[in-house]
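Take a look at the structure set out below.
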Amino acid sequence: MKLFETVSLAGKTLNNRIVMPPMTGSRSTQPDDVPNALMADYYAQRLT
């Protein structure tokens, strides 16, 4: 497998095999670590 080849993962086609791990800095809602709008904004900013 090559790093820059496309790959299918969970029904999605990725352009390469490089992914960003979760690094939210504890932006979830407590208790229970529920995702929220702040987390969505954080990841949206990293897409550009």
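Numbering starts fresh at 1 for the residues of each chain in the structure tokens, the chains themselves are lettered A, B, ... in the order given, and ligands are numbered from 1 as they appear.
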
Backbone DSSP call of alpha helix (DSSP H) for chain A, listed as a PyMOL selection string
chain A and resi 37-46

For the selection just defined, write its residues with N, CA and C atoms to a file, as a PDB file, in the first residue's frame.
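Wrote it out as selection-v9.pdb, contents follow:
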```
ATOM      1  N   ALA A  37     -21.223  22.247  18.709  1.00  0.00           N
ATOM      2  CA  ALA A  37     -20.925  23.155  17.603  1.00  0.00           C
ATOM      3  C   ALA A  37     -19.483  23.651  17.636  1.00  0.00           C
ATOM      4  N   LEU A  38     -18.920  23.827  18.816  1.00  0.00           N
ATOM      5  CA  LEU A  38     -17.528  24.271  18.923  1.00  0.00           C
ATOM      6  C   LEU A  38     -16.584  23.252  18.289  1.00  0.00           C
ATOM      7  N   MET A  39     -16.857  21.970  18.495  1.00  0.00           N
ATOM      8  CA  MET A  39     -16.044  20.921  17.875  1.00  0.00           C
ATOM      9  C   MET A  39     -16.194  20.955  16.355  1.00  0.00           C
ATOM     10  N   ALA A  40     -17.407  21.151  15.861  1.00  0.00           N
ATOM     11  CA  ALA A  40     -17.645  21.224  14.418  1.00  0.00           C
ATOM     12  C   ALA A  40     -16.872  22.394  13.820  1.00  0.00           C
ATOM     13  N   ASP A  41     -16.885  23.540  14.485  1.00  0.00           N
ATOM     14  CA  ASP A  41     -16.129  24.706  14.017  1.00  0.00           C
ATOM     15  C   ASP A  41     -14.631  24.410  13.981  1.00  0.00           C
ATOM     16  N   TYR A  42     -14.131  23.744  15.020  1.00  0.00           N
ATOM     17  CA  TYR A  42     -12.704  23.408  15.110  1.00  0.00           C
ATOM     18  C   TYR A  42     -12.264  22.590  13.893  1.00  0.00           C
ATOM     19  N   TYR A  43     -13.006  21.546  13.564  1.00  0.00           N
ATOM     20  CA  TYR A  43     -12.618  20.695  12.438  1.00  0.00           C
ATOM     21  C   TYR A  43     -12.862  21.379  11.101  1.00  0.00           C
ATOM     22  N   ALA A  44     -13.898  22.196  10.998  1.00  0.00           N
ATOM     23  CA  ALA A  44     -14.161  22.933   9.755  1.00  0.00           C
ATOM     24  C   ALA A  44     -13.015  23.887   9.443  1.00  0.00           C
ATOM     25  N   GLN A  45     -12.439  24.508  10.463  1.00  0.00           N
ATOM     26  CA  GLN A  45     -11.314  25.413  10.270  1.00  0.00           C
ATOM     27  C   GLN A  45     -10.091  24.687   9.732  1.00  0.00           C
ATOM     28  N   ARG A  46      -9.955  23.414  10.022  1.00  0.00           N
ATOM     29  CA  ARG A  46      -8.781  22.665   9.581  1.00  0.00           C
ATOM     30  C   ARG A  46      -8.926  22.097   8.191  1.00  0.00           C
TER      31      ARG A  46
END
```

Mind pulling up the distance from atom CA of Met20 of chain A to atom CA of Ser8 of chain A?
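That distance, rounded to one decimal, is 16.2 Å.
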
A:Arg27, A:Leu3, A:Asp33, A:Leu47 ranked by distance to Asn15 of chain A, top pick (using only C-alpha atoms)
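Of A:Arg27, A:Leu3, A:Asp33, A:Leu47, the one nearest Asn15 of chain A, counting only C-alpha atoms, is A:Leu3.
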
Taking only chain A into account, list the residues labelled strand (DSSP E) by DSSP (computed from the backbone), as an NGL selection string.
:A and (7-9 or 12-14)

Between atom CA of Arg17 of chain A and atom CA of Glu5 of chain A, what is the distance, to one decimal in Å?
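Interatomic distance, atom CA of Arg17 of chain A to atom CA of Glu5 of chain A: 6.9 Å.
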
For atom CA of Lys2 of chain A and atom CA of Asn16 of chain A, quote the distance in Å rounded to one decimal.
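Computing it gives 8.5 Å between the two atoms.
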